[in-house]
file query-v2.pdb (PDB, C-alpha atoms, pLDDT in the B column)
ATOM      1  CA  MET A   3     155.108 237.263  26.213  1.00 54.00           C
ATOM      2  CA  ASN A   4     153.492 239.799  23.964  1.00 65.00           C
ATOM      3  CA  ASN A   5     153.233 243.345  25.288  1.00 82.00           C
ATOM      4  CA  ASP A   6     151.668 246.054  23.151  1.00 88.00           C
ATOM      5  CA  ALA A   7     153.262 248.896  25.128  1.00 86.00           C
ATOM      6  CA  ILE A   8     156.774 247.496  24.642  1.00 89.00           C
ATOM      7  CA  ARG A   9     156.087 246.877  20.955  1.00 91.00           C
ATOM      8  CA  SER A  10     154.871 250.444  20.560  1.00 92.00           C
ATOM      9  CA  ILE A  11     157.932 252.073  22.131  1.00 92.00           C
ATOM     10  CA  ILE A  12     160.217 249.916  19.988  1.00 93.00           C
ATOM     11  CA  ILE A  13     158.359 250.915  16.826  1.00 94.00           C
ATOM     12  CA  GLN A  14     158.551 254.568  17.873  1.00 96.00           C
ATOM     13  CA  GLY A  15     162.296 254.256  18.460  1.00 95.00           C
ATOM     14  CA  MET A  16     161.976 255.082  22.163  1.00 94.00           C
ATOM     15  CA  THR A  17     163.895 252.021  23.343  1.00 92.00           C
ATOM     16  CA  HIS A  18     165.415 253.973  26.231  1.00 92.00           C
ATOM     17  CA  GLN A  19     162.017 253.547  27.951  1.00 92.00           C
ATOM     18  CA  ILE A  20     162.060 249.737  27.907  1.00 90.00           C
ATOM     19  CA  TYR A  21     163.852 249.506  31.261  1.00 89.00           C
ATOM     20  CA  SER A  22     161.131 251.553  32.976  1.00 89.00           C
ATOM     21  CA  MET A  23     158.365 249.610  31.241  1.00 89.00           C
ATOM     22  CA  ILE A  24     159.792 246.323  32.493  1.00 89.00           C
ATOM     23  CA  GLU A  25     160.110 247.775  35.995  1.00 87.00           C
ATOM     24  CA  LEU A  26     156.433 248.726  35.948  1.00 86.00           C
ATOM     25  CA  GLY A  27     155.335 245.476  34.288  1.00 86.00           C
ATOM     26  CA  GLY A  28     155.731 243.230  37.311  1.00 85.00           C
ATOM     27  CA  SER A  29     152.022 242.436  37.338  1.00 84.00           C
ATOM     28  CA  GLU A  30     152.456 241.006  33.825  1.00 85.00           C
ATOM     29  CA  GLY A  31     155.356 238.811  34.909  1.00 87.00           C
ATOM     30  CA  MET A  32     158.126 241.144  33.772  1.00 91.00           C
ATOM     31  CA  ILE A  33     161.272 241.259  35.872  1.00 93.00           C
ATOM     32  CA  LEU A  34     164.489 243.170  35.390  1.00 92.00           C
ATOM     33  CA  MET A  35     167.555 241.031  34.782  1.00 92.00           C
ATOM     34  CA  ASP A  36     169.290 242.675  37.761  1.00 92.00           C
ATOM     35  CA  LYS A  37     166.445 241.669  40.094  1.00 92.00           C
ATOM     36  CA  TYR A  38     166.461 238.119  38.766  1.00 94.00           C
ATOM     37  CA  LEU A  39     170.230 237.869  39.195  1.00 94.00           C
ATOM     38  CA  GLU A  40     169.842 239.169  42.755  1.00 92.00           C
ATOM     39  CA  MET A  41     167.273 236.461  43.468  1.00 94.00           C
ATOM     40  CA  LEU A  42     169.528 233.748  42.015  1.00 96.00           C
ATOM     41  CA  TYR A  43     172.479 235.012  44.059  1.00 94.00           C
ATOM     42  CA  ASN A  44     170.453 235.169  47.282  1.00 93.00           C
ATOM     43  CA  LYS A  45     169.277 231.580  46.719  1.00 97.00           C
ATOM     44  CA  GLY A  46     172.887 230.477  46.206  1.00 96.00           C
ATOM     45  CA  MET A  47     172.240 229.440  42.618  1.00 97.00           C
ATOM     46  CA  ILE A  48     174.970 231.686  41.171  1.00 96.00           C
ATOM     47  CA  SER A  49     178.251 232.876  42.628  1.00 95.00           C
ATOM     48  CA  ARG A  50     179.031 236.452  43.619  1.00 91.00           C
ATOM     49  CA  GLU A  51     181.461 236.640  40.711  1.00 93.00           C
ATOM     50  CA  VAL A  52     178.764 235.709  38.191  1.00 95.00           C
ATOM     51  CA  TYR A  53     176.341 238.127  39.827  1.00 93.00           C
ATOM     52  CA  ILE A  54     178.830 241.007  39.677  1.00 91.00           C
ATOM     53  CA  SER A  55     179.865 240.252  36.105  1.00 93.00           C
ATOM     54  CA  ARG A  56     176.297 240.238  34.769  1.00 93.00           C
ATOM     55  CA  VAL A  57     174.473 242.916  36.779  1.00 91.00           C
ATOM     56  CA  ARG A  58     173.781 246.218  35.030  1.00 89.00           C
ATOM     57  CA  ASP A  59     173.351 248.380  38.140  1.00 86.00           C
ATOM     58  CA  LYS A  60     176.668 248.066  39.984  1.00 83.00           C
ATOM     59  CA  ASP A  61     175.225 250.071  42.928  1.00 81.00           C
ATOM     60  CA  LEU A  62     172.872 247.149  43.538  1.00 73.00           C
ATOM     61  CA  VAL A  63     175.872 244.892  44.107  1.00 74.00           C
ATOM     62  CA  ALA A  64     177.275 247.259  46.736  1.00 70.00           C
ATOM     63  CA  LYS A  65     174.416 246.219  49.051  1.00 68.00           C
ATOM     64  CA  PHE A  66     175.860 242.690  49.270  1.00 61.00           C
TER      65      PHE A  66
END
call {"tool": "encode", "arguments": {"input": "query-v2.pdb", "output": "structure tokens"}}
result
Amino acid sequence: MNNDAIRSIIIQGMTHQIYSMIELGGSEGMILMDKYLEMLYNKGMISREVYISRVRDKDLVAKF
């Protein structure tokens, strides 16, 4: 996927904004890794241990 906004913030060195851009880019098919891991875990496709070891936002795991 090619996204001009993401490219622009990388070029400008503002990579700290990528997370927010992905969060807002759902309509373009973007999904945060944490959300995808949550979906895989809820479908039983990955174990809790894998989910916990890979998720960035550990507070998200506390819900489960």
call {"tool": "residues_around", "arguments": {"input": "query-v2.pdb", "residues": "segment 59-61 of chain A", "least_positions_apart": "5", "cutoff": "10 Å", "atoms": "all atoms listed in the file", "output": "short mmCIF file (atom, residue, chain, number, x, y, z; two decimals) with C-alpha atoms, keeping the file's coordinate frame"}}
result
data_model
loop_
_atom_site.label_atom_id
_atom_site.label_comp_id
_atom_site.auth_asym_id
_atom_site.auth_seq_id
_atom_site.Cartn_x
_atom_site.Cartn_y
_atom_site.Cartn_z
CA MET A 35 167.56 241.03 34.78
CA ASP A 36 169.29 242.68 37.76
CA LYS A 37 166.44 241.67 40.09
CA TYR A 53 176.34 238.13 39.83
CA ILE A 54 178.83 241.01 39.68
CA PHE A 66 175.86 242.69 49.27
#
call {"tool": "resolve_selection", "arguments": {"input": "query-v2.pdb", "expression": "the PyMOL selection byres ((chain A and resi 52) around 12)", "output": "list of chain:residue names"}}
result
A:Asp36, A:Leu39, A:Glu40, A:Leu42, A:Tyr43, A:Gly46, A:Met47, A:Ile48, A:Ser49, A:Arg50, A:Glu51, A:Tyr53, A:Ile54, A:Ser55, A:Arg56, A:Val57, A:Val63
call {"tool": "write_last_selection", "arguments": {"input": "query-v2.pdb", "atoms": "C-alpha atoms", "output": "PDB file, in the coordinates of the input"}}
result
ATOM      1  CA  ASP A  36     169.290 242.675  37.761  1.00 92.00           C
ATOM      2  CA  LEU A  39     170.230 237.869  39.195  1.00 94.00           C
ATOM      3  CA  GLU A  40     169.842 239.169  42.755  1.00 92.00           C
ATOM      4  CA  LEU A  42     169.528 233.748  42.015  1.00 96.00           C
ATOM      5  CA  TYR A  43     172.479 235.012  44.059  1.00 94.00           C
ATOM      6  CA  GLY A  46     172.887 230.477  46.206  1.00 96.00           C
ATOM      7  CA  MET A  47     172.240 229.440  42.618  1.00 97.00           C
ATOM      8  CA  ILE A  48     174.970 231.686  41.171  1.00 96.00           C
ATOM      9  CA  SER A  49     178.251 232.876  42.628  1.00 95.00           C
ATOM     10  CA  ARG A  50     179.031 236.452  43.619  1.00 91.00           C
ATOM     11  CA  GLU A  51     181.461 236.640  40.711  1.00 93.00           C
ATOM     12  CA  TYR A  53     176.341 238.127  39.827  1.00 93.00           C
ATOM     13  CA  ILE A  54     178.830 241.007  39.677  1.00 91.00           C
ATOM     14  CA  SER A  55     179.865 240.252  36.105  1.00 93.00           C
ATOM     15  CA  ARG A  56     176.297 240.238  34.769  1.00 93.00           C
ATOM     16  CA  VAL A  57     174.473 242.916  36.779  1.00 91.00           C
ATOM     17  CA  VAL A  63     175.872 244.892  44.107  1.00 74.00           C
TER      18      VAL A  63
END
call {"tool": "closest_residue", "arguments": {"input": "query-v2.pdb", "among": "A:Leu26, A:Ile20, A:Leu62, A:Met32", "to": "Ile8 of chain A", "atoms": "all atoms listed in the file"}}
result
A:Ile20
call {"tool": "atom_distance", "arguments": {"input": "query-v2.pdb", "atom1": "atom CA of Gln14 of chain A", "atom2": "atom CA of Gly27 of chain A"}}
result
19.0 Å
call {"tool": "atom_distance", "arguments": {"input": "query-v2.pdb", "atom1": "atom CA of Leu34 of chain A", "atom2": "atom CA of Gln19 of chain A"}}
result
13.0 Å
call {"tool": "atom_distance", "arguments": {"input": "query-v2.pdb", "atom1": "atom CA of Gly31 of chain A", "atom2": "atom CA of Ile11 of chain A"}}
result
18.6 Å
call {"tool": "build_atoms", "arguments": {"input": "query-v2.pdb", "residues": "segment 7-43 of chain A", "atoms": "N, CA and C atoms", "output": "PDB file, in the frame of the given file"}}
result
ATOM      1  N   ALA A   7     152.565 247.666  24.749  1.00 86.00           N
ATOM      2  CA  ALA A   7     153.262 248.896  25.128  1.00 86.00           C
ATOM      3  C   ALA A   7     154.745 248.817  24.744  1.00 86.00           C
ATOM      4  N   ILE A   8     155.367 247.685  25.007  1.00 89.00           N
ATOM      5  CA  ILE A   8     156.774 247.496  24.642  1.00 89.00           C
ATOM      6  C   ILE A   8     156.923 247.547  23.121  1.00 89.00           C
ATOM      7  N   ARG A   9     156.046 246.861  22.418  1.00 91.00           N
ATOM      8  CA  ARG A   9     156.087 246.877  20.955  1.00 91.00           C
ATOM      9  C   ARG A   9     155.995 248.305  20.427  1.00 91.00           C
ATOM     10  N   SER A  10     155.095 249.078  21.000  1.00 92.00           N
ATOM     11  CA  SER A  10     154.871 250.444  20.560  1.00 92.00           C
ATOM     12  C   SER A  10     156.107 251.323  20.751  1.00 92.00           C
ATOM     13  N   ILE A  11     156.755 251.219  21.914  1.00 92.00           N
ATOM     14  CA  ILE A  11     157.932 252.073  22.131  1.00 92.00           C
ATOM     15  C   ILE A  11     159.110 251.649  21.258  1.00 92.00           C
ATOM     16  N   ILE A  12     159.172 250.366  20.912  1.00 93.00           N
ATOM     17  CA  ILE A  12     160.217 249.916  19.988  1.00 93.00           C
ATOM     18  C   ILE A  12     159.958 250.490  18.596  1.00 93.00           C
ATOM     19  N   ILE A  13     158.723 250.388  18.146  1.00 94.00           N
ATOM     20  CA  ILE A  13     158.359 250.915  16.826  1.00 94.00           C
ATOM     21  C   ILE A  13     158.630 252.415  16.746  1.00 94.00           C
ATOM     22  N   GLN A  14     158.359 253.114  17.839  1.00 96.00           N
ATOM     23  CA  GLN A  14     158.551 254.568  17.873  1.00 96.00           C
ATOM     24  C   GLN A  14     160.012 254.960  18.089  1.00 96.00           C
ATOM     25  N   GLY A  15     160.874 253.971  18.280  1.00 95.00           N
ATOM     26  CA  GLY A  15     162.296 254.256  18.460  1.00 95.00           C
ATOM     27  C   GLY A  15     162.633 254.789  19.845  1.00 95.00           C
ATOM     28  N   MET A  16     161.760 254.572  20.802  1.00 94.00           N
ATOM     29  CA  MET A  16     161.976 255.082  22.163  1.00 94.00           C
ATOM     30  C   MET A  16     162.447 253.951  23.087  1.00 94.00           C
ATOM     31  N   THR A  17     163.435 253.201  22.612  1.00 92.00           N
ATOM     32  CA  THR A  17     163.895 252.021  23.343  1.00 92.00           C
ATOM     33  C   THR A  17     164.489 252.347  24.708  1.00 92.00           C
ATOM     34  N   HIS A  18     164.880 253.581  24.923  1.00 92.00           N
ATOM     35  CA  HIS A  18     165.415 253.973  26.231  1.00 92.00           C
ATOM     36  C   HIS A  18     164.356 253.830  27.335  1.00 92.00           C
ATOM     37  N   GLN A  19     163.096 253.687  26.966  1.00 92.00           N
ATOM     38  CA  GLN A  19     162.017 253.547  27.951  1.00 92.00           C
ATOM     39  C   GLN A  19     161.713 252.097  28.322  1.00 92.00           C
ATOM     40  N   ILE A  20     162.349 251.155  27.649  1.00 90.00           N
ATOM     41  CA  ILE A  20     162.060 249.737  27.907  1.00 90.00           C
ATOM     42  C   ILE A  20     162.352 249.368  29.352  1.00 90.00           C
ATOM     43  N   TYR A  21     163.459 249.825  29.887  1.00 89.00           N
ATOM     44  CA  TYR A  21     163.852 249.506  31.261  1.00 89.00           C
ATOM     45  C   TYR A  21     162.729 249.884  32.238  1.00 89.00           C
ATOM     46  N   SER A  22     162.212 251.088  32.097  1.00 89.00           N
ATOM     47  CA  SER A  22     161.131 251.553  32.976  1.00 89.00           C
ATOM     48  C   SER A  22     159.857 250.743  32.774  1.00 89.00           C
ATOM     49  N   MET A  23     159.567 250.391  31.537  1.00 89.00           N
ATOM     50  CA  MET A  23     158.365 249.610  31.241  1.00 89.00           C
ATOM     51  C   MET A  23     158.447 248.231  31.902  1.00 89.00           C
ATOM     52  N   ILE A  24     159.616 247.630  31.862  1.00 89.00           N
ATOM     53  CA  ILE A  24     159.792 246.323  32.493  1.00 89.00           C
ATOM     54  C   ILE A  24     159.647 246.463  34.002  1.00 89.00           C
ATOM     55  N   GLU A  25     160.225 247.525  34.559  1.00 87.00           N
ATOM     56  CA  GLU A  25     160.110 247.775  35.995  1.00 87.00           C
ATOM     57  C   GLU A  25     158.645 247.868  36.427  1.00 87.00           C
ATOM     58  N   LEU A  26     157.845 248.534  35.632  1.00 86.00           N
ATOM     59  CA  LEU A  26     156.433 248.726  35.948  1.00 86.00           C
ATOM     60  C   LEU A  26     155.572 247.526  35.565  1.00 86.00           C
ATOM     61  N   GLY A  27     156.115 246.598  34.795  1.00 86.00           N
ATOM     62  CA  GLY A  27     155.335 245.476  34.288  1.00 86.00           C
ATOM     63  C   GLY A  27     155.361 244.233  35.151  1.00 86.00           C
ATOM     64  N   GLY A  28     155.678 244.376  36.409  1.00 85.00           N
ATOM     65  CA  GLY A  28     155.731 243.230  37.311  1.00 85.00           C
ATOM     66  C   GLY A  28     154.439 242.441  37.376  1.00 85.00           C
ATOM     67  N   SER A  29     153.319 243.121  37.278  1.00 84.00           N
ATOM     68  CA  SER A  29     152.022 242.436  37.338  1.00 84.00           C
ATOM     69  C   SER A  29     151.793 241.557  36.109  1.00 84.00           C
ATOM     70  N   GLU A  30     152.555 241.808  35.046  1.00 85.00           N
ATOM     71  CA  GLU A  30     152.456 241.006  33.825  1.00 85.00           C
ATOM     72  C   GLU A  30     153.564 239.956  33.761  1.00 85.00           C
ATOM     73  N   GLY A  31     154.297 239.807  34.854  1.00 87.00           N
ATOM     74  CA  GLY A  31     155.356 238.811  34.909  1.00 87.00           C
ATOM     75  C   GLY A  31     156.711 239.299  34.450  1.00 87.00           C
ATOM     76  N   MET A  32     156.833 240.598  34.193  1.00 91.00           N
ATOM     77  CA  MET A  32     158.126 241.144  33.772  1.00 91.00           C
ATOM     78  C   MET A  32     159.020 241.320  34.991  1.00 91.00           C
ATOM     79  N   ILE A  33     160.303 241.059  34.797  1.00 93.00           N
ATOM     80  CA  ILE A  33     161.272 241.259  35.872  1.00 93.00           C
ATOM     81  C   ILE A  33     162.585 241.716  35.246  1.00 93.00           C
ATOM     82  N   LEU A  34     163.199 242.684  35.875  1.00 92.00           N
ATOM     83  CA  LEU A  34     164.489 243.170  35.390  1.00 92.00           C
ATOM     84  C   LEU A  34     165.552 242.099  35.604  1.00 92.00           C
ATOM     85  N   MET A  35     166.474 242.006  34.684  1.00 92.00           N
ATOM     86  CA  MET A  35     167.555 241.031  34.782  1.00 92.00           C
ATOM     87  C   MET A  35     168.318 241.196  36.098  1.00 92.00           C
ATOM     88  N   ASP A  36     168.572 242.439  36.509  1.00 92.00           N
ATOM     89  CA  ASP A  36     169.290 242.675  37.761  1.00 92.00           C
ATOM     90  C   ASP A  36     168.552 242.073  38.955  1.00 92.00           C
ATOM     91  N   LYS A  37     167.241 242.217  38.984  1.00 92.00           N
ATOM     92  CA  LYS A  37     166.445 241.669  40.094  1.00 92.00           C
ATOM     93  C   LYS A  37     166.466 240.144  40.072  1.00 92.00           C
ATOM     94  N   TYR A  38     166.420 239.569  38.875  1.00 94.00           N
ATOM     95  CA  TYR A  38     166.461 238.119  38.766  1.00 94.00           C
ATOM     96  C   TYR A  38     167.829 237.583  39.186  1.00 94.00           C
ATOM     97  N   LEU A  39     168.885 238.260  38.772  1.00 94.00           N
ATOM     98  CA  LEU A  39     170.230 237.869  39.195  1.00 94.00           C
ATOM     99  C   LEU A  39     170.372 237.957  40.707  1.00 94.00           C
ATOM    100  N   GLU A  40     169.812 239.009  41.302  1.00 92.00           N
ATOM    101  CA  GLU A  40     169.842 239.169  42.755  1.00 92.00           C
ATOM    102  C   GLU A  40     169.149 237.993  43.433  1.00 92.00           C
ATOM    103  N   MET A  41     167.998 237.592  42.902  1.00 94.00           N
ATOM    104  CA  MET A  41     167.273 236.461  43.468  1.00 94.00           C
ATOM    105  C   MET A  41     168.097 235.172  43.361  1.00 94.00           C
ATOM    106  N   LEU A  42     168.702 234.944  42.197  1.00 96.00           N
ATOM    107  CA  LEU A  42     169.528 233.748  42.015  1.00 96.00           C
ATOM    108  C   LEU A  42     170.716 233.746  42.975  1.00 96.00           C
ATOM    109  N   TYR A  43     171.343 234.902  43.141  1.00 94.00           N
ATOM    110  CA  TYR A  43     172.479 235.012  44.059  1.00 94.00           C
ATOM    111  C   TYR A  43     172.042 234.745  45.502  1.00 94.00           C
TER     112      TYR A  43
END
